[in-house]
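Visitor: This is the structure I have questions about; it appears just below.
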Amino acid sequence: MTTHERPLDSVLETIGRTPLVRLQDGPDGVRIYAKLESFNPGASVKDRIGRYMVERMLERGDVPAGGTIIEPTAGNTGIGLAIAAQQLGLDAIFVVPERFSVEKQQLMAALGADIINTPTEDGMGRAIERAYELADELDDAVVPQQFSNPLNAEAHYATTGPEIYEALDGEVGAVVAGCGTAGTLMGIARYALEQDPDTYVAAVEPEGSLYGEVLGAARKEDEYKIEGIGTHDPSTNELFDPELVDDVYPVSDERAHDELKHLARAEGHLVASSASAASVAAKRVASEIDNGELTTPHETVVTIFPDSSERYLSKGIYGSFDEWSS
Ligand code: PMP
């Protein structure tokens, strides 16, 4: 399930079928599994949506062969889209707020994409606006817009969800994943709830992010260092469907930072802060199942580790908490 045992024709075919690995921590009676998305060729979960969105948009004629895709992105989506665009004969331009990791921007450029930076203080909202301005200026350009494109969640409904169920023979009690665009969680959740409507679905966000407000939790907006998940304006995260989510688990920067060091030292997982935040939340869910606060169809919790820590070494991710910069 986790490997590609026959020779493949293109790097696109190496996307998906990532390993699902049991975490050694957690309560005795509940198994926690993490899906290691750094095994994708662009080393993140976003390769899945890069391939899926570009293939579907070409099929539907949203963009012609030889056209251009323009995307506002924190980086991983850019890398995934750049691989797909290059392999499927499109140009790629990415609009990236300055604060996002320089490694990701270098990788997008290495794959042949053009990068346009927007000021950090203008947020993702400005990057989105700029992408549409550019698309208007060019012929044959399309903005996949991962924050509102149903194909984003559909990619996970079609691939990540079924892979998890196949690996665990359908024994999935809870699904726990961080929400940036929320495409990953929504796609998996939709698939999971079709298999068993009692599956517990938990969203993970940094403390200071406002996803929880959508479900009625009192939250205080604040900055956070955890990269890749969270929102300051849930109305721009159009894929997030509160109907599919049982609860939102906030995780502090400090807790996520401790956990990413622990995951490296104790379990050999070189993962970044969105994965470690997901791990913290998955362990909370597992404890709630173990102590009877939560009842789930199976005593298993599945979470997603979206990318690897190598991409954030320049931000001092393994240094002291104060050395780690957002
Ligand atoms: N972790 C990282 C490192 C990411 O780049 C992203 C995407 N922004 C996520 C988690 C969240 O994935 P999604 O957009 O599918 O919610």
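Residue numbering restarts at 1 for every chain of the structure tokens, chains are lettered A, B, ... in their displayed order, and ligands are numbered from 1 as they appear.
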Could you report the residues within 9 Å of ligand 1, using only C-alpha atoms and all ligand atoms, as number ranges by chain?

Guide: A: 44-46, 49, 73-77, 146-147, 152-153, 156, 177-187, 226-230, 240, 272-275, 304-308

Visitor: Based on the selection just made, write N, CA and C atoms of those residues as a tab-separated table (two decimals), in the first residue's frame.

Guide:
```tsv
chain	number	residue	atom	x	y	z
A	44	SER	N	5.39	17.05	0.13
A	44	SER	CA	4.27	17.47	0.98
A	44	SER	C	2.94	16.93	0.46
A	45	VAL	N	1.94	17.05	1.32
A	45	VAL	CA	0.57	16.64	1.02
A	45	VAL	C	0.03	17.35	-0.22
A	46	LYS	N	0.58	18.52	-0.53
A	46	LYS	CA	0.02	19.35	-1.59
A	46	LYS	C	0.32	18.84	-3.00
A	49	ILE	N	-3.00	17.62	-4.48
A	49	ILE	CA	-3.95	18.56	-5.10
A	49	ILE	C	-3.34	19.21	-6.33
A	73	THR	N	-0.02	31.15	-2.71
A	73	THR	CA	0.34	29.94	-1.95
A	73	THR	C	1.42	30.21	-0.92
A	74	ALA	N	1.32	29.49	0.19
A	74	ALA	CA	2.35	29.55	1.22
A	74	ALA	C	3.57	28.75	0.83
A	75	GLY	N	3.49	28.01	-0.26
A	75	GLY	CA	4.68	27.31	-0.72
A	75	GLY	C	4.45	25.87	-1.11
A	76	ASN	N	3.90	25.06	-0.21
A	76	ASN	CA	3.77	23.64	-0.56
A	76	ASN	C	2.85	23.44	-1.75
A	77	THR	N	1.77	24.19	-1.82
A	77	THR	CA	0.87	24.04	-2.97
A	77	THR	C	1.59	24.47	-4.24
A	146	GLN	N	-6.83	27.34	-4.36
A	146	GLN	CA	-7.01	26.20	-3.45
A	146	GLN	C	-7.95	26.51	-2.29
A	147	PHE	N	-8.11	27.80	-1.92
A	147	PHE	CA	-8.95	28.14	-0.77
A	147	PHE	C	-10.44	27.98	-1.06
A	152	ASN	N	-9.78	20.76	-4.61
A	152	ASN	CA	-8.79	20.59	-3.54
A	152	ASN	C	-9.25	19.48	-2.59
A	153	ALA	N	-10.46	19.63	-2.04
A	153	ALA	CA	-10.97	18.60	-1.12
A	153	ALA	C	-11.23	17.29	-1.87
A	156	HIS	N	-8.48	14.74	-1.99
A	156	HIS	CA	-8.31	13.92	-0.78
A	156	HIS	C	-9.44	12.90	-0.63
A	177	ALA	N	-7.00	16.32	11.60
A	177	ALA	CA	-6.03	16.96	10.68
A	177	ALA	C	-6.08	18.47	10.81
A	178	GLY	N	-4.93	19.08	10.58
A	178	GLY	CA	-4.82	20.53	10.59
A	178	GLY	C	-5.59	21.12	9.42
A	179	CYS	N	-6.08	22.35	9.62
A	179	CYS	CA	-6.80	23.03	8.54
A	179	CYS	C	-6.08	24.31	8.14
A	180	GLY	N	-5.62	24.34	6.90
A	180	GLY	CA	-5.16	25.58	6.27
A	180	GLY	C	-6.30	25.98	5.36
A	181	THR	N	-6.26	25.45	4.12
A	181	THR	CA	-7.46	25.60	3.27
A	181	THR	C	-8.60	24.72	3.79
A	182	ALA	N	-8.26	23.70	4.56
A	182	ALA	CA	-9.17	22.66	5.06
A	182	ALA	C	-9.48	21.60	4.00
A	183	GLY	N	-8.82	21.67	2.85
A	183	GLY	CA	-9.05	20.67	1.80
A	183	GLY	C	-8.72	19.25	2.26
A	184	THR	N	-7.60	19.10	2.96
A	184	THR	CA	-7.19	17.77	3.41
A	184	THR	C	-8.28	17.17	4.32
A	185	LEU	N	-8.63	17.92	5.37
A	185	LEU	CA	-9.60	17.37	6.33
A	185	LEU	C	-10.98	17.17	5.69
A	186	MET	N	-11.42	18.13	4.89
A	186	MET	CA	-12.77	18.01	4.32
A	186	MET	C	-12.88	16.80	3.39
A	187	GLY	N	-11.85	16.60	2.56
A	187	GLY	CA	-11.90	15.46	1.63
A	187	GLY	C	-11.89	14.14	2.37
A	226	ILE	N	3.23	28.42	14.16
A	226	ILE	CA	2.91	27.18	13.43
A	226	ILE	C	2.60	27.56	11.98
A	227	GLU	N	3.23	26.87	11.03
A	227	GLU	CA	3.11	27.28	9.62
A	227	GLU	C	2.27	26.29	8.81
A	228	GLY	N	1.32	26.83	8.07
A	228	GLY	CA	0.56	26.00	7.11
A	228	GLY	C	-0.88	25.77	7.51
A	229	ILE	N	-1.21	26.00	8.79
A	229	ILE	CA	-2.60	25.81	9.22
A	229	ILE	C	-3.09	27.06	9.95
A	230	GLY	N	-4.42	27.14	10.10
A	230	GLY	CA	-5.02	28.27	10.80
A	230	GLY	C	-5.59	29.30	9.85
A	240	PHE	N	-14.05	24.92	4.28
A	240	PHE	CA	-14.30	24.43	5.64
A	240	PHE	C	-15.81	24.31	5.86
A	272	ALA	N	7.37	19.01	10.54
A	272	ALA	CA	7.30	20.42	10.92
A	272	ALA	C	6.12	20.68	11.86
A	273	SER	N	5.81	21.97	12.05
A	273	SER	CA	4.89	22.34	13.13
A	273	SER	C	3.43	22.00	12.85
A	274	SER	N	3.02	21.94	11.57
A	274	SER	CA	1.62	21.57	11.36
A	274	SER	C	1.41	20.09	11.66
A	275	ALA	N	2.43	19.29	11.41
A	275	ALA	CA	2.35	17.86	11.75
A	275	ALA	C	2.39	17.66	13.26
A	304	ILE	N	-2.62	13.33	9.88
A	304	ILE	CA	-1.81	13.59	8.68
A	304	ILE	C	-0.59	14.39	9.09
A	305	PHE	N	0.60	13.94	8.67
A	305	PHE	CA	1.81	14.74	8.81
A	305	PHE	C	2.09	15.36	7.43
A	306	PRO	N	1.76	16.65	7.24
A	306	PRO	CA	1.73	17.22	5.88
A	306	PRO	C	3.08	17.40	5.18
A	307	ASP	N	4.16	17.66	5.94
A	307	ASP	CA	5.44	17.84	5.25
A	307	ASP	C	6.59	17.59	6.22
A	308	SER	N	7.81	17.97	5.83
A	308	SER	CA	8.98	17.62	6.66
A	308	SER	C	9.68	18.87	7.20
```

Visitor: Do you know which residues are at most 7 Å from Ala84 in chain A counting only C-alpha atoms, after dropping those on the same chain fewer than 6 positions away, and could you put them as number ranges by chain?

Guide: A: 12, 50-51, 54

Visitor: Which residues are near Val214 in chain A? Cut-off 10 Å, only C-alpha atoms, ignore same chain within fewer than 6 positions. Put them as a list in words.

Guide: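 Residues near the query, excluding close chain neighbours: Pro234, Ser235, Phe240, Asp241, Pro242 and Val248 of chain A.
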
Visitor: Output as a count of residues only all residues of range 5-130 of chain A that backbone DSSP marks as helix (DSSP H, G or I).

Guide: 54

Visitor: Quick one: everything within 7 Å of Val301 in chain A, counting only C-alpha atoms, minus sequence neighbours fewer than 4 positions away in the same chain. Send it as a PyMOL selection string.

Guide: chain A and resi 31-33+172-175+282+286

Visitor: Can you pull out every residue within 12 Å of Asp246 in chain A, counting only C-alpha atoms, but drop anything in the same chain fewer than 6 positions away, and send it as an MDAnalysis selection string?

Guide: chainID A and resid 174:176 185 189 193 197:204 212 214:216 285 294 296

Visitor: Considering only C-alpha atoms, return as a PyMOL selection string whatever protein or nucleic-acid residues lie within 9 Å of range 93-106 of chain A, sequence-local ones (same chain, fewer than 6 positions apart) excluded.

Guide: chain A and resi 68-76+78-79+82+113-124+126-128+130-131+227+310-315+326

Visitor: Those residues with N, CA and C atoms, as an mmCIF file, in the first residue's frame please?

Guide:
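Okay, this is what ended up in out30.cif:
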```
data_model
loop_
_atom_site.group_PDB
_atom_site.id
_atom_site.type_symbol
_atom_site.label_atom_id
_atom_site.label_comp_id
_atom_site.auth_asym_id
_atom_site.auth_seq_id
_atom_site.Cartn_x
_atom_site.Cartn_y
_atom_site.Cartn_z
ATOM 1 N N THR A 68 -1.254 29.039 -18.496
ATOM 2 C CA THR A 68 -0.520 29.368 -17.264
ATOM 3 C C THR A 68 -1.433 29.177 -16.058
ATOM 4 N N ILE A 69 -0.880 28.607 -14.979
ATOM 5 C CA ILE A 69 -1.614 28.629 -13.721
ATOM 6 C C ILE A 69 -0.957 29.640 -12.783
ATOM 7 N N ILE A 70 -1.797 30.385 -12.073
ATOM 8 C CA ILE A 70 -1.316 31.411 -11.136
ATOM 9 C C ILE A 70 -1.974 31.111 -9.800
ATOM 10 N N GLU A 71 -1.164 30.969 -8.743
ATOM 11 C CA GLU A 71 -1.769 30.573 -7.466
ATOM 12 C C GLU A 71 -1.174 31.367 -6.309
ATOM 13 N N PRO A 72 -2.043 31.855 -5.411
ATOM 14 C CA PRO A 72 -1.530 32.408 -4.151
ATOM 15 C C PRO A 72 -1.216 31.232 -3.244
ATOM 16 N N THR A 73 -0.024 31.150 -2.706
ATOM 17 C CA THR A 73 0.337 29.937 -1.953
ATOM 18 C C THR A 73 1.423 30.207 -0.923
ATOM 19 N N ALA A 74 1.321 29.485 0.185
ATOM 20 C CA ALA A 74 2.345 29.546 1.224
ATOM 21 C C ALA A 74 3.571 28.745 0.828
ATOM 22 N N GLY A 75 3.488 28.008 -0.256
ATOM 23 C CA GLY A 75 4.676 27.309 -0.720
ATOM 24 C C GLY A 75 4.453 25.871 -1.112
ATOM 25 N N ASN A 76 3.899 25.058 -0.208
ATOM 26 C CA ASN A 76 3.767 23.644 -0.555
ATOM 27 C C ASN A 76 2.851 23.438 -1.749
ATOM 28 N N GLY A 78 2.416 25.490 -4.124
ATOM 29 C CA GLY A 78 3.182 25.934 -5.281
ATOM 30 C C GLY A 78 4.083 24.822 -5.790
ATOM 31 N N ILE A 79 4.736 24.126 -4.870
ATOM 32 C CA ILE A 79 5.635 23.039 -5.283
ATOM 33 C C ILE A 79 4.825 21.938 -5.972
ATOM 34 N N ALA A 82 3.658 23.207 -9.277
ATOM 35 C CA ALA A 82 4.780 23.388 -10.216
ATOM 36 C C ALA A 82 5.154 22.052 -10.851
ATOM 37 N N ALA A 113 9.004 27.587 -11.891
ATOM 38 C CA ALA A 113 7.923 28.557 -11.689
ATOM 39 C C ALA A 113 8.482 29.959 -11.459
ATOM 40 N N ASP A 114 7.668 30.982 -11.746
ATOM 41 C CA ASP A 114 8.009 32.359 -11.383
ATOM 42 C C ASP A 114 7.355 32.687 -10.046
ATOM 43 N N ILE A 115 8.084 33.437 -9.203
ATOM 44 C CA ILE A 115 7.568 33.774 -7.867
ATOM 45 C C ILE A 115 7.374 35.281 -7.764
ATOM 46 N N ILE A 116 6.238 35.692 -7.232
ATOM 47 C CA ILE A 116 6.012 37.108 -6.935
ATOM 48 C C ILE A 116 5.706 37.203 -5.442
ATOM 49 N N ASN A 117 6.465 38.019 -4.714
ATOM 50 C CA ASN A 117 6.232 38.163 -3.271
ATOM 51 C C ASN A 117 5.286 39.325 -2.982
ATOM 52 N N THR A 118 4.449 39.152 -1.951
ATOM 53 C CA THR A 118 3.623 40.260 -1.452
ATOM 54 C C THR A 118 4.031 40.506 0.004
ATOM 55 N N PRO A 119 3.816 41.753 0.522
ATOM 56 C CA PRO A 119 4.255 42.048 1.894
ATOM 57 C C PRO A 119 3.544 41.169 2.928
ATOM 58 N N THR A 120 4.330 40.692 3.903
ATOM 59 C CA THR A 120 3.793 39.842 4.963
ATOM 60 C C THR A 120 2.577 40.470 5.627
ATOM 61 N N GLU A 121 2.679 41.810 5.908
ATOM 62 C CA GLU A 121 1.607 42.453 6.682
ATOM 63 C C GLU A 121 0.283 42.529 5.907
ATOM 64 N N ASP A 122 0.339 42.336 4.595
ATOM 65 C CA ASP A 122 -0.906 42.361 3.816
ATOM 66 C C ASP A 122 -1.625 41.019 3.810
ATOM 67 N N GLY A 123 -0.947 39.980 4.349
ATOM 68 C CA GLY A 123 -1.594 38.682 4.546
ATOM 69 C C GLY A 123 -1.895 37.942 3.249
ATOM 70 N N MET A 124 -2.530 36.782 3.426
ATOM 71 C CA MET A 124 -2.867 35.932 2.288
ATOM 72 C C MET A 124 -3.921 36.600 1.407
ATOM 73 N N ARG A 126 -4.133 39.609 0.318
ATOM 74 C CA ARG A 126 -3.508 40.405 -0.745
ATOM 75 C C ARG A 126 -2.897 39.493 -1.825
ATOM 76 N N ALA A 127 -2.308 38.372 -1.378
ATOM 77 C CA ALA A 127 -1.717 37.437 -2.348
ATOM 78 C C ALA A 127 -2.812 36.902 -3.281
ATOM 79 N N ILE A 128 -3.974 36.633 -2.715
ATOM 80 C CA ILE A 128 -5.092 36.120 -3.526
ATOM 81 C C ILE A 128 -5.515 37.183 -4.556
ATOM 82 N N ARG A 130 -3.784 39.660 -5.768
ATOM 83 C CA ARG A 130 -2.715 39.863 -6.761
ATOM 84 C C ARG A 130 -2.749 38.758 -7.825
ATOM 85 N N ALA A 131 -3.020 37.524 -7.385
ATOM 86 C CA ALA A 131 -3.089 36.409 -8.335
ATOM 87 C C ALA A 131 -4.186 36.667 -9.369
ATOM 88 N N GLU A 227 3.231 26.866 11.033
ATOM 89 C CA GLU A 227 3.107 27.277 9.619
ATOM 90 C C GLU A 227 2.271 26.289 8.808
ATOM 91 N N GLU A 310 12.778 19.585 7.177
ATOM 92 C CA GLU A 310 13.937 20.069 6.403
ATOM 93 C C GLU A 310 13.648 21.405 5.744
ATOM 94 N N ARG A 311 12.387 21.576 5.395
ATOM 95 C CA ARG A 311 11.928 22.783 4.710
ATOM 96 C C ARG A 311 11.945 24.015 5.614
ATOM 97 N N TYR A 312 12.182 23.838 6.913
ATOM 98 C CA TYR A 312 12.088 24.951 7.861
ATOM 99 C C TYR A 312 13.356 25.098 8.702
ATOM 100 N N LEU A 313 14.441 24.447 8.297
ATOM 101 C CA LEU A 313 15.656 24.508 9.120
ATOM 102 C C LEU A 313 16.164 25.941 9.236
ATOM 103 N N SER A 314 15.996 26.736 8.168
ATOM 104 C CA SER A 314 16.483 28.124 8.196
ATOM 105 C C SER A 314 15.699 28.969 9.189
ATOM 106 N N LYS A 315 14.547 28.478 9.620
ATOM 107 C CA LYS A 315 13.752 29.224 10.599
ATOM 108 C C LYS A 315 14.051 28.752 12.024
ATOM 109 N N SER A 326 8.731 32.639 12.887
ATOM 110 C CA SER A 326 7.585 32.312 12.045
ATOM 111 C C SER A 326 7.780 32.886 10.649
#
```

Visitor: Could you write out, as a PDB file with C-alpha atoms, in the first residue's frame, all the residues of range 45-112 of chain A that DSSP marks as strand (DSSP E or B)?

Guide:
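And here's selection_5.pdb as it stands now:
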```pdb
ATOM      1  CA  THR A  68      -0.520  29.368 -17.264  1.00  0.00           C
ATOM      2  CA  ILE A  69      -1.614  28.629 -13.721  1.00  0.00           C
ATOM      3  CA  ILE A  70      -1.316  31.411 -11.136  1.00  0.00           C
ATOM      4  CA  GLU A  71      -1.769  30.573  -7.466  1.00  0.00           C
ATOM      5  CA  PRO A  72      -1.530  32.408  -4.151  1.00  0.00           C
ATOM      6  CA  ASP A  91       3.579  27.588 -17.055  1.00  0.00           C
ATOM      7  CA  ALA A  92       3.273  28.437 -13.354  1.00  0.00           C
ATOM      8  CA  ILE A  93       3.386  31.738 -11.436  1.00  0.00           C
ATOM      9  CA  PHE A  94       3.061  31.844  -7.631  1.00  0.00           C
ATOM     10  CA  VAL A  95       2.168  34.769  -5.394  1.00  0.00           C
ATOM     11  CA  VAL A  96       3.743  34.195  -1.975  1.00  0.00           C
ATOM     12  CA  PRO A  97       3.575  36.415   1.139  1.00  0.00           C
TER      13      PRO A  97
END
```

Visitor: From the options A:Asp258, A:Leu81, A:Arg284, A:Ala43, which residue's atoms come nearest to Ala109 in chain A, counting only C-alpha atoms?

Guide: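 The shortest atom-to-atom distance to Ala109 in chain A comes from A:Leu81.
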
Visitor: Need to verify the contact set: Tyr224 in chain A, 8 Å, only C-alpha atoms, exclusion of same-chain residues closer than 5 positions in sequence. Can you return it as a ChimeraX atom specification?

Guide: /A:206-209,253,326

Visitor: Using only C-alpha atoms, find the one residue out of A:Glu213, A:Glu5, A:Asp25, A:Glu37 that sits nearest to Thr160 in chain A.

Guide: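 That would be A:Glu37, the residue with the smallest distance to Thr160 in chain A.
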
Visitor: By how many Å are CA of Asp28 in chain A and CA of Asp169 in chain A apart?

Guide: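 For CA of Asp28 in chain A relative to CA of Asp169 in chain A, the distance reads 20.4 Å.
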